[in-house]
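So this one's upload-v5.cif, mmCIF, N, CA and C atoms and all ligand atoms:
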data_target
#
loop_
_atom_site.label_atom_id
_atom_site.label_comp_id
_atom_site.auth_asym_id
_atom_site.auth_seq_id
_atom_site.Cartn_x
_atom_site.Cartn_y
_atom_site.Cartn_z
N MET A 1431 77.73 81.94 72.63
CA MET A 1431 78.84 82.82 72.20
C MET A 1431 80.15 82.27 72.74
N SER A 1432 81.17 82.25 71.90
CA SER A 1432 82.46 81.73 72.36
C SER A 1432 83.16 82.75 73.25
N ASN A 1433 84.08 82.25 74.07
CA ASN A 1433 84.80 83.13 74.98
C ASN A 1433 85.56 84.22 74.23
N SER A 1434 86.04 83.91 73.04
CA SER A 1434 86.89 84.86 72.31
C SER A 1434 86.15 86.14 71.95
N ASN A 1435 84.81 86.09 71.96
CA ASN A 1435 84.05 87.30 71.65
C ASN A 1435 83.76 88.13 72.89
N LYS A 1436 84.13 87.62 74.06
CA LYS A 1436 83.78 88.31 75.30
C LYS A 1436 84.95 89.15 75.80
N GLY A 1437 84.69 90.45 76.02
CA GLY A 1437 85.72 91.35 76.51
C GLY A 1437 85.71 91.41 78.03
N VAL A 1438 86.87 91.23 78.64
CA VAL A 1438 86.99 91.27 80.10
C VAL A 1438 88.04 92.29 80.48
N LEU A 1439 87.68 93.24 81.35
CA LEU A 1439 88.62 94.24 81.85
C LEU A 1439 89.01 93.89 83.27
N ILE A 1440 90.32 93.75 83.50
CA ILE A 1440 90.83 93.41 84.83
C ILE A 1440 91.74 94.54 85.28
N THR A 1441 91.36 95.25 86.33
CA THR A 1441 92.21 96.35 86.81
C THR A 1441 93.32 95.78 87.68
N GLY A 1442 94.49 96.42 87.62
CA GLY A 1442 95.63 95.99 88.43
C GLY A 1442 96.14 94.62 88.03
N ALA A 1443 96.48 94.48 86.75
CA ALA A 1443 96.91 93.17 86.25
C ALA A 1443 98.42 93.11 86.00
N SER A 1444 99.17 94.03 86.60
CA SER A 1444 100.62 93.99 86.38
C SER A 1444 101.32 93.03 87.33
N SER A 1445 100.60 92.55 88.34
CA SER A 1445 101.21 91.60 89.28
C SER A 1445 100.10 90.90 90.07
N GLY A 1446 100.50 89.96 90.91
CA GLY A 1446 99.59 89.35 91.88
C GLY A 1446 98.35 88.70 91.28
N PHE A 1447 97.24 88.86 92.02
CA PHE A 1447 95.98 88.22 91.62
C PHE A 1447 95.54 88.66 90.22
N GLY A 1448 95.68 89.97 89.94
CA GLY A 1448 95.21 90.49 88.66
C GLY A 1448 95.92 89.84 87.49
N ALA A 1449 97.26 89.72 87.60
CA ALA A 1449 98.02 89.09 86.52
C ALA A 1449 97.63 87.63 86.38
N ALA A 1450 97.44 86.95 87.52
CA ALA A 1450 97.08 85.53 87.48
C ALA A 1450 95.70 85.33 86.84
N ILE A 1451 94.76 86.20 87.20
CA ILE A 1451 93.40 86.09 86.62
C ILE A 1451 93.45 86.38 85.13
N ALA A 1452 94.22 87.42 84.76
CA ALA A 1452 94.32 87.78 83.34
C ALA A 1452 94.88 86.63 82.51
N LYS A 1453 95.94 86.02 83.00
CA LYS A 1453 96.54 84.89 82.27
C LYS A 1453 95.56 83.72 82.19
N ALA A 1454 94.88 83.44 83.29
CA ALA A 1454 93.95 82.30 83.30
C ALA A 1454 92.80 82.51 82.31
N LEU A 1455 92.23 83.73 82.31
CA LEU A 1455 91.10 83.98 81.39
C LEU A 1455 91.56 84.03 79.94
N ALA A 1456 92.78 84.56 79.71
CA ALA A 1456 93.32 84.58 78.34
C ALA A 1456 93.51 83.14 77.84
N THR A 1457 93.97 82.28 78.72
CA THR A 1457 94.15 80.86 78.36
C THR A 1457 92.82 80.23 77.97
N GLN A 1458 91.75 80.68 78.62
CA GLN A 1458 90.42 80.14 78.30
C GLN A 1458 89.79 80.82 77.09
N GLY A 1459 90.54 81.72 76.47
CA GLY A 1459 90.09 82.28 75.21
C GLY A 1459 89.37 83.61 75.29
N TYR A 1460 89.22 84.16 76.50
CA TYR A 1460 88.56 85.46 76.60
C TYR A 1460 89.44 86.56 76.00
N HIS A 1461 88.81 87.63 75.54
CA HIS A 1461 89.54 88.80 75.05
C HIS A 1461 89.82 89.68 76.27
N VAL A 1462 91.02 89.53 76.82
CA VAL A 1462 91.34 90.11 78.13
C VAL A 1462 92.13 91.41 77.99
N PHE A 1463 91.71 92.41 78.79
CA PHE A 1463 92.43 93.67 78.90
C PHE A 1463 92.85 93.83 80.36
N GLY A 1464 94.16 93.76 80.60
CA GLY A 1464 94.69 93.94 81.95
C GLY A 1464 95.33 95.30 82.06
N THR A 1465 95.15 95.94 83.21
CA THR A 1465 95.62 97.32 83.34
C THR A 1465 96.72 97.48 84.37
N ALA A 1466 97.47 98.57 84.20
CA ALA A 1466 98.47 99.01 85.17
C ALA A 1466 98.61 100.51 85.01
N ARG A 1467 99.10 101.17 86.05
CA ARG A 1467 99.27 102.62 85.91
C ARG A 1467 100.35 102.96 84.89
N SER A 1468 101.41 102.17 84.86
CA SER A 1468 102.48 102.38 83.87
C SER A 1468 102.74 101.05 83.19
N PRO A 1469 101.93 100.70 82.21
CA PRO A 1469 102.08 99.38 81.59
C PRO A 1469 103.41 99.22 80.87
N ARG A 1470 103.92 98.01 80.91
CA ARG A 1470 105.16 97.72 80.16
C ARG A 1470 104.84 97.70 78.68
N ALA A 1471 105.83 98.08 77.88
CA ALA A 1471 105.62 98.11 76.44
C ALA A 1471 105.58 96.71 75.85
N ALA A 1472 106.30 95.79 76.49
CA ALA A 1472 106.39 94.44 75.94
C ALA A 1472 105.04 93.74 76.00
N PRO A 1473 104.73 92.91 75.00
CA PRO A 1473 103.48 92.17 75.03
C PRO A 1473 103.45 91.23 76.23
N SER A 1474 102.29 91.09 76.83
CA SER A 1474 102.19 90.24 78.02
C SER A 1474 101.61 88.88 77.64
N ASP A 1475 101.23 88.13 78.64
CA ASP A 1475 100.86 86.73 78.43
C ASP A 1475 99.47 86.55 77.85
N GLY A 1476 99.33 86.85 76.59
CA GLY A 1476 98.07 86.53 75.92
C GLY A 1476 96.98 87.56 76.14
N TYR A 1477 97.29 88.66 76.78
CA TYR A 1477 96.27 89.69 76.96
C TYR A 1477 96.84 91.07 76.66
N THR A 1478 95.94 92.00 76.40
CA THR A 1478 96.33 93.36 76.07
C THR A 1478 96.51 94.16 77.35
N THR A 1479 97.59 94.92 77.42
CA THR A 1479 97.83 95.75 78.60
C THR A 1479 97.48 97.20 78.30
N LEU A 1480 96.67 97.79 79.16
CA LEU A 1480 96.25 99.18 79.00
C LEU A 1480 96.64 100.00 80.22
N ALA A 1481 96.82 101.31 80.01
CA ALA A 1481 97.11 102.21 81.12
C ALA A 1481 95.82 102.57 81.84
N LEU A 1482 95.85 102.50 83.17
CA LEU A 1482 94.68 102.90 83.96
C LEU A 1482 95.10 103.21 85.38
N ASP A 1483 94.69 104.39 85.84
CA ASP A 1483 94.75 104.72 87.26
C ASP A 1483 93.30 104.81 87.73
N VAL A 1484 92.86 103.88 88.56
CA VAL A 1484 91.44 103.81 88.92
C VAL A 1484 90.98 105.00 89.76
N THR A 1485 91.92 105.78 90.27
CA THR A 1485 91.53 106.93 91.08
C THR A 1485 91.28 108.18 90.22
N ARG A 1486 91.48 108.05 88.90
CA ARG A 1486 91.29 109.21 88.01
C ARG A 1486 90.19 108.91 87.00
N ASP A 1487 89.13 109.71 87.05
CA ASP A 1487 87.98 109.49 86.16
C ASP A 1487 88.36 109.55 84.69
N ASP A 1488 89.26 110.50 84.32
CA ASP A 1488 89.62 110.61 82.91
C ASP A 1488 90.36 109.36 82.45
N SER A 1489 91.17 108.79 83.32
CA SER A 1489 91.90 107.58 82.99
C SER A 1489 90.92 106.40 82.81
N VAL A 1490 89.92 106.34 83.68
CA VAL A 1490 88.92 105.26 83.58
C VAL A 1490 88.15 105.36 82.26
N ARG A 1491 87.71 106.57 81.94
CA ARG A 1491 86.94 106.74 80.70
C ARG A 1491 87.78 106.37 79.47
N ALA A 1492 89.04 106.80 79.48
CA ALA A 1492 89.92 106.50 78.33
C ALA A 1492 90.14 105.01 78.20
N CYS A 1493 90.32 104.35 79.32
CA CYS A 1493 90.58 102.90 79.30
C CYS A 1493 89.36 102.14 78.77
N ILE A 1494 88.18 102.48 79.27
CA ILE A 1494 86.98 101.79 78.81
C ILE A 1494 86.76 102.05 77.32
N GLY A 1495 87.06 103.27 76.89
CA GLY A 1495 86.95 103.58 75.46
C GLY A 1495 87.85 102.68 74.63
N GLU A 1496 89.05 102.44 75.13
CA GLU A 1496 89.98 101.57 74.39
C GLU A 1496 89.47 100.13 74.33
N VAL A 1497 88.88 99.66 75.42
CA VAL A 1497 88.33 98.30 75.43
C VAL A 1497 87.22 98.17 74.39
N ILE A 1498 86.33 99.15 74.39
CA ILE A 1498 85.19 99.09 73.46
C ILE A 1498 85.67 99.20 72.02
N ARG A 1499 86.66 100.06 71.78
CA ARG A 1499 87.19 100.19 70.42
C ARG A 1499 87.81 98.87 69.95
N ALA A 1500 88.53 98.22 70.84
CA ALA A 1500 89.27 97.01 70.45
C ALA A 1500 88.39 95.76 70.43
N ALA A 1501 87.50 95.64 71.42
CA ALA A 1501 86.71 94.41 71.53
C ALA A 1501 85.28 94.58 71.05
N GLY A 1502 84.81 95.84 71.01
CA GLY A 1502 83.44 96.09 70.57
C GLY A 1502 82.42 95.86 71.67
N ARG A 1503 82.86 95.33 72.81
CA ARG A 1503 81.94 95.05 73.91
C ARG A 1503 82.74 94.82 75.19
N MET A 1504 82.06 94.90 76.31
CA MET A 1504 82.71 94.60 77.58
C MET A 1504 81.74 93.75 78.40
N ASP A 1505 82.12 92.51 78.64
CA ASP A 1505 81.21 91.58 79.32
C ASP A 1505 81.46 91.47 80.81
N ALA A 1506 82.66 91.84 81.24
CA ALA A 1506 82.95 91.71 82.67
C ALA A 1506 84.02 92.71 83.08
N VAL A 1507 83.91 93.20 84.31
CA VAL A 1507 84.94 94.04 84.93
C VAL A 1507 85.34 93.38 86.23
N ILE A 1508 86.64 93.19 86.42
CA ILE A 1508 87.14 92.67 87.69
C ILE A 1508 87.91 93.81 88.37
N ASN A 1509 87.30 94.38 89.40
CA ASN A 1509 87.91 95.48 90.15
C ASN A 1509 88.94 94.89 91.12
N ASN A 1510 90.18 94.86 90.70
CA ASN A 1510 91.22 94.22 91.49
C ASN A 1510 92.29 95.20 91.95
N ALA A 1511 92.43 96.32 91.24
CA ALA A 1511 93.53 97.26 91.54
C ALA A 1511 93.45 97.75 92.98
N GLY A 1512 94.59 97.80 93.60
CA GLY A 1512 94.64 98.31 94.97
C GLY A 1512 95.98 98.03 95.59
N ILE A 1513 96.21 98.60 96.74
CA ILE A 1513 97.46 98.34 97.44
C ILE A 1513 97.16 97.84 98.84
N GLY A 1514 98.06 97.00 99.32
CA GLY A 1514 97.93 96.50 100.68
C GLY A 1514 99.05 97.07 101.53
N ILE A 1515 98.77 97.26 102.80
CA ILE A 1515 99.81 97.72 103.73
C ILE A 1515 99.92 96.67 104.83
N ALA A 1516 101.13 96.16 105.02
CA ALA A 1516 101.35 95.21 106.10
C ALA A 1516 102.17 95.90 107.18
N GLY A 1517 101.76 95.72 108.42
CA GLY A 1517 102.53 96.31 109.50
C GLY A 1517 101.64 96.97 110.53
N ALA A 1518 102.27 97.59 111.49
CA ALA A 1518 101.53 98.19 112.60
C ALA A 1518 100.88 99.50 112.16
N ILE A 1519 99.67 99.73 112.66
CA ILE A 1519 98.94 100.93 112.28
C ILE A 1519 99.70 102.20 112.71
N GLU A 1520 100.42 102.09 113.83
CA GLU A 1520 101.14 103.29 114.30
C GLU A 1520 102.35 103.62 113.43
N ASP A 1521 102.74 102.67 112.56
CA ASP A 1521 103.84 102.93 111.62
C ASP A 1521 103.33 103.38 110.26
N THR A 1522 102.00 103.50 110.11
CA THR A 1522 101.41 103.85 108.82
C THR A 1522 101.15 105.34 108.75
N THR A 1523 101.67 105.98 107.70
CA THR A 1523 101.43 107.42 107.55
C THR A 1523 100.01 107.65 107.02
N SER A 1524 99.50 108.85 107.22
CA SER A 1524 98.15 109.15 106.72
C SER A 1524 98.14 109.11 105.19
N GLU A 1525 99.27 109.46 104.56
CA GLU A 1525 99.34 109.39 103.09
C GLU A 1525 99.22 107.95 102.61
N ASP A 1526 99.93 107.05 103.30
CA ASP A 1526 99.85 105.63 102.91
C ASP A 1526 98.44 105.08 103.14
N ALA A 1527 97.85 105.46 104.25
CA ALA A 1527 96.49 104.98 104.54
C ALA A 1527 95.52 105.48 103.49
N GLN A 1528 95.65 106.76 103.13
CA GLN A 1528 94.76 107.33 102.10
C GLN A 1528 94.95 106.61 100.77
N ALA A 1529 96.23 106.34 100.44
CA ALA A 1529 96.53 105.66 99.17
C ALA A 1529 95.92 104.27 99.12
N GLN A 1530 95.76 103.65 100.29
CA GLN A 1530 95.13 102.33 100.32
C GLN A 1530 93.62 102.43 100.08
N PHE A 1531 93.01 103.49 100.61
CA PHE A 1531 91.57 103.61 100.48
C PHE A 1531 91.14 104.17 99.12
N ASP A 1532 91.98 104.96 98.48
CA ASP A 1532 91.57 105.61 97.23
C ASP A 1532 91.07 104.64 96.16
N PRO A 1533 91.80 103.57 95.84
CA PRO A 1533 91.29 102.65 94.82
C PRO A 1533 90.01 101.95 95.24
N ILE A 1534 89.86 101.72 96.57
CA ILE A 1534 88.66 101.03 97.05
C ILE A 1534 87.45 101.93 96.90
N SER A 1535 87.63 103.20 97.31
CA SER A 1535 86.49 104.11 97.28
C SER A 1535 86.12 104.49 95.85
N SER A 1536 87.02 104.22 94.90
CA SER A 1536 86.73 104.56 93.53
C SER A 1536 86.08 103.37 92.84
N ALA A 1537 84.76 103.37 92.80
CA ALA A 1537 84.04 102.31 92.10
C ALA A 1537 83.80 102.71 90.66
N CYS A 1538 84.59 103.72 90.22
CA CYS A 1538 84.28 104.35 88.94
C CYS A 1538 84.51 103.43 87.74
N THR A 1539 85.35 102.42 87.88
CA THR A 1539 85.59 101.57 86.72
C THR A 1539 84.32 100.87 86.31
N ALA A 1540 83.61 100.32 87.30
CA ALA A 1540 82.37 99.63 86.97
C ALA A 1540 81.27 100.60 86.57
N SER A 1541 81.17 101.73 87.27
CA SER A 1541 80.07 102.64 86.96
C SER A 1541 80.28 103.31 85.61
N ALA A 1542 81.52 103.66 85.28
CA ALA A 1542 81.78 104.26 83.97
C ALA A 1542 81.53 103.26 82.86
N GLY A 1543 81.72 101.99 83.17
CA GLY A 1543 81.51 100.97 82.15
C GLY A 1543 80.09 100.44 82.09
N ARG A 1544 79.22 100.95 82.98
CA ARG A 1544 77.86 100.40 83.06
C ARG A 1544 77.11 100.39 81.73
N PRO A 1545 77.15 101.51 80.96
CA PRO A 1545 76.41 101.47 79.69
C PRO A 1545 76.88 100.34 78.78
N CYS A 1546 78.18 100.06 78.81
CA CYS A 1546 78.70 98.98 77.97
C CYS A 1546 78.30 97.64 78.54
N LEU A 1547 78.38 97.53 79.88
CA LEU A 1547 78.08 96.25 80.52
C LEU A 1547 76.61 95.86 80.34
N THR A 1548 75.72 96.84 80.42
CA THR A 1548 74.30 96.50 80.33
C THR A 1548 73.91 96.09 78.91
N CYS A 1549 74.77 96.42 77.94
CA CYS A 1549 74.50 95.94 76.57
C CYS A 1549 74.80 94.45 76.45
N ALA A 1550 75.73 93.98 77.28
CA ALA A 1550 76.06 92.56 77.24
C ALA A 1550 75.09 91.83 78.16
N ARG A 1551 74.35 90.89 77.66
CA ARG A 1551 73.23 90.31 78.40
C ARG A 1551 73.66 89.53 79.64
N SER A 1552 74.90 89.06 79.67
CA SER A 1552 75.34 88.27 80.83
C SER A 1552 76.51 88.95 81.52
N ALA A 1553 76.49 90.28 81.58
CA ALA A 1553 77.63 91.02 82.12
C ALA A 1553 77.83 90.76 83.61
N ARG A 1554 79.10 90.83 84.03
CA ARG A 1554 79.46 90.57 85.43
C ARG A 1554 80.43 91.63 85.93
N VAL A 1555 80.32 91.99 87.21
CA VAL A 1555 81.30 92.86 87.87
C VAL A 1555 81.74 92.16 89.14
N ARG A 1556 83.04 92.03 89.33
CA ARG A 1556 83.58 91.40 90.54
C ARG A 1556 84.61 92.33 91.17
N SER A 1557 84.67 92.36 92.49
CA SER A 1557 85.64 93.20 93.18
C SER A 1557 86.45 92.38 94.16
N SER A 1558 87.78 92.59 94.14
CA SER A 1558 88.63 91.92 95.11
C SER A 1558 89.22 92.91 96.09
N THR A 1559 88.95 94.20 95.89
CA THR A 1559 89.48 95.21 96.82
C THR A 1559 88.47 95.49 97.91
N1 LIG A 1601 97.25 89.74 98.75
C1 LIG A 1601 96.34 89.67 99.72
O1 LIG A 1601 96.48 88.93 100.74
C2 LIG A 1601 95.05 90.48 99.63
C3 LIG A 1601 94.07 90.35 100.62
C4 LIG A 1601 92.87 91.06 100.50
C5 LIG A 1601 92.68 91.93 99.45
N2 LIG A 1601 93.66 92.06 98.53
C6 LIG A 1601 93.41 92.98 97.43
O2 LIG A 1601 93.47 92.27 96.20
C7 LIG A 1601 94.00 93.13 95.19
C8 LIG A 1601 95.20 92.47 94.54
O3 LIG A 1601 96.17 92.15 95.54
P1 LIG A 1601 97.62 91.63 95.14
O4 LIG A 1601 98.20 91.04 96.37
O5 LIG A 1601 97.52 90.81 93.91
O6 LIG A 1601 98.34 93.05 94.89
P2 LIG A 1601 99.58 93.49 93.93
O7 LIG A 1601 100.36 92.31 93.46
O8 LIG A 1601 100.29 94.57 94.68
O9 LIG A 1601 98.84 94.11 92.66
C9 LIG A 1601 98.09 95.29 92.79
C10 LIG A 1601 97.74 95.78 91.41
O10 LIG A 1601 96.95 96.96 91.56
C11 LIG A 1601 97.50 97.95 90.70
N3 LIG A 1601 97.19 99.27 91.26
C12 LIG A 1601 97.49 99.77 92.48
N4 LIG A 1601 97.01 101.00 92.63
C13 LIG A 1601 96.38 101.31 91.45
C14 LIG A 1601 95.69 102.44 90.96
N5 LIG A 1601 95.52 103.55 91.70
N6 LIG A 1601 95.16 102.40 89.70
C15 LIG A 1601 95.33 101.30 88.94
N7 LIG A 1601 95.99 100.19 89.34
C16 LIG A 1601 96.52 100.21 90.58
C17 LIG A 1601 98.97 97.64 90.57
O11 LIG A 1601 99.43 98.09 89.31
P3 LIG A 1601 100.55 99.20 89.08
O12 LIG A 1601 101.21 99.48 90.40
O13 LIG A 1601 101.46 98.56 88.06
O14 LIG A 1601 99.77 100.34 88.56
C18 LIG A 1601 98.96 96.11 90.58
O15 LIG A 1601 98.76 95.61 89.26
C19 LIG A 1601 94.36 94.45 95.87
O16 LIG A 1601 93.32 95.36 95.67
C20 LIG A 1601 94.48 94.09 97.32
O17 LIG A 1601 94.17 95.18 98.17
C21 LIG A 1601 94.83 91.37 98.58
#
Output the file's structure in the form of structure tokens.
Ligand SMILES: NC(=O)c1ccc[n+]([C@@H]2O[C@H](COP(=O)([O-])OP(=O)(O)OC[C@H]3O[C@@H](n4cnc5c(N)ncnc54)[C@H](OP(=O)(O)O)[C@@H]3O)[C@@H](O)[C@H]2O)c1
Amino acid sequence: MSNSNKGVLITGASSGFGAAIAKALATQGYHVFGTARSPRAAPSDGYTTLALDVTRDDSVRACIGEVIRAAGRMDAVINNAGIGIAGAIEDTTSEDAQAQFDPISSACTASAGRPCLTCARSARVRSST
């Protein structure tokens, strides 16, 4: 099967690693869906941008539905969305700390997509958070 038939969902693709991975896989011909909480309207670098907040189940379900509608299949999920905090722990508020853990503790993107992934015989899930 050619790469162009393979659907890949990359969470947190508006910047950093996610954007770089999305561009690289799009260049290799994959049908790439990169997500952001507030996606820009402008077309991005060879991949489709979808709205997704990984901490919200309804957002995850809607996003996966859009991937399946557009690509007909989902062969891989790259769990990349998350935030980093640099600095001293004593300068970190509990809200900021919680916000860092929320995307990590939410494995819902892969689990919500499991029925679709198991249909693809060589499906993959990768996490960078
Ligand atoms: N950079 C490092 O040295 C390093 C080291 C270890 C692990 N990591 C992890 O690797 C991942 C990428 O890092 P990066 O440096 O490339 O970060 P980045 O440039 O800040 O990108 C983070 C991405 O995650 C998205 N995001 C954040 N919270 C989200 C949420 N609740 N729902 C959906 N998307 C969300 C952001 O999109 P929007 O804000 O547009 O929604 C953005 O696209 C992160 O999970 C980070 O924790 C990074």
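With a cut-off of 6.5 Å and using only N, CA and C atoms and all ligand atoms, the polymer residues contacting ligand LIG 1601 (chain A) are Thr1441, Gly1442, Ala1443, Ser1444, Ser1445, Gly1446, Phe1447, Gly1448, Ala1449, Thr1465, Ala1466, Arg1467, Ser1468, Pro1469, Leu1482, Asp1483, Val1484, Thr1485, Asn1509, Asn1510, Ala1511, Gly1512, Ile1513, Gly1514, Asp1532, Pro1533, Ser1558 and Thr1559 of chain A.
Backbone DSSP over segment 1455-1527 of chain A gives strand (DSSP E or B) for His1461, Val1462, Phe1463, Gly1464, Thr1465, Ala1466, Thr1478, Thr1479, Leu1480, Ala1481, Ala1506, Val1507, Ile1508 and Asn1509 of chain A.
Proximity of A:Ser1557, A:Val1438, A:Ser1432, A:Ile1534 to Met1504 of chain A, computed with only N, CA and C atoms, is greatest for A:Val1438.
Considering the residues A:Lys1453, A:Ser1434, A:Arg1470, A:His1461 and counting only C-alpha atoms, Ile1498 of chain A has its shortest atom-to-atom contact with A:His1461.
Distance annotation: of A:Tyr1460, A:Ser1489, A:Val1497, A:Arg1554, the residue with the minimal separation from Gly1476 of chain A is A:Tyr1460; atom set is only C-alpha atoms.
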>> Between atom CA of Ala1454 of chain A and atom CA of Ala1500 of chain A, what is the distance in Å, rounded to a tenth?
In response: 20.1 Å
Return the padded bounding box of segment 1441-1446 of chain A as AutoDock Vina command-line options: axis-aligned, built from all atoms listed in the file, 5 Å added on each side, with centre and edge lengths in Å to one decimal.
--center_x 96.3 --center_y 92.6 --center_z 88.9 --size_x 20.0 --size_y 17.7 --size_z 15.9
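When the distance limit is 8 Å and only N, CA and C atoms are what count, the residues near Thr1457 of chain A, minus those fewer than 5 positions from it on the same chain, are Ile1451, Ala1452, Asp1475, Gly1476 and Tyr1477 of chain A.
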Pull N, CA and C atoms from the residues just selected and write them as a CSV table (one decimal), in the frame of the given file.
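Result file part-v6.csv:
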chain,number,residue,atom,x,y,z
A,1451,ILE,N,94.8,86.2,87.2
A,1451,ILE,CA,93.4,86.1,86.6
A,1451,ILE,C,93.4,86.4,85.1
A,1452,ALA,N,94.2,87.4,84.8
A,1452,ALA,CA,94.3,87.8,83.3
A,1452,ALA,C,94.9,86.6,82.5
A,1475,ASP,N,101.2,88.1,78.6
A,1475,ASP,CA,100.9,86.7,78.4
A,1475,ASP,C,99.5,86.6,77.8
A,1476,GLY,N,99.3,86.8,76.6
A,1476,GLY,CA,98.1,86.5,75.9
A,1476,GLY,C,97.0,87.6,76.1
A,1477,TYR,N,97.3,88.7,76.8
A,1477,TYR,CA,96.3,89.7,77.0
A,1477,TYR,C,96.8,91.1,76.7
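Among A:Ala1516, A:Ala1492, A:Ala1456, A:Val1462, the residue with the shortest atom-to-atom distance to Thr1479 of chain A, counting all atoms listed in the file, is A:Val1462.
Pairwise distance (atom CA of Lys1436 of chain A, atom CA of Ala1450 of chain A) equals 18.2 Å.
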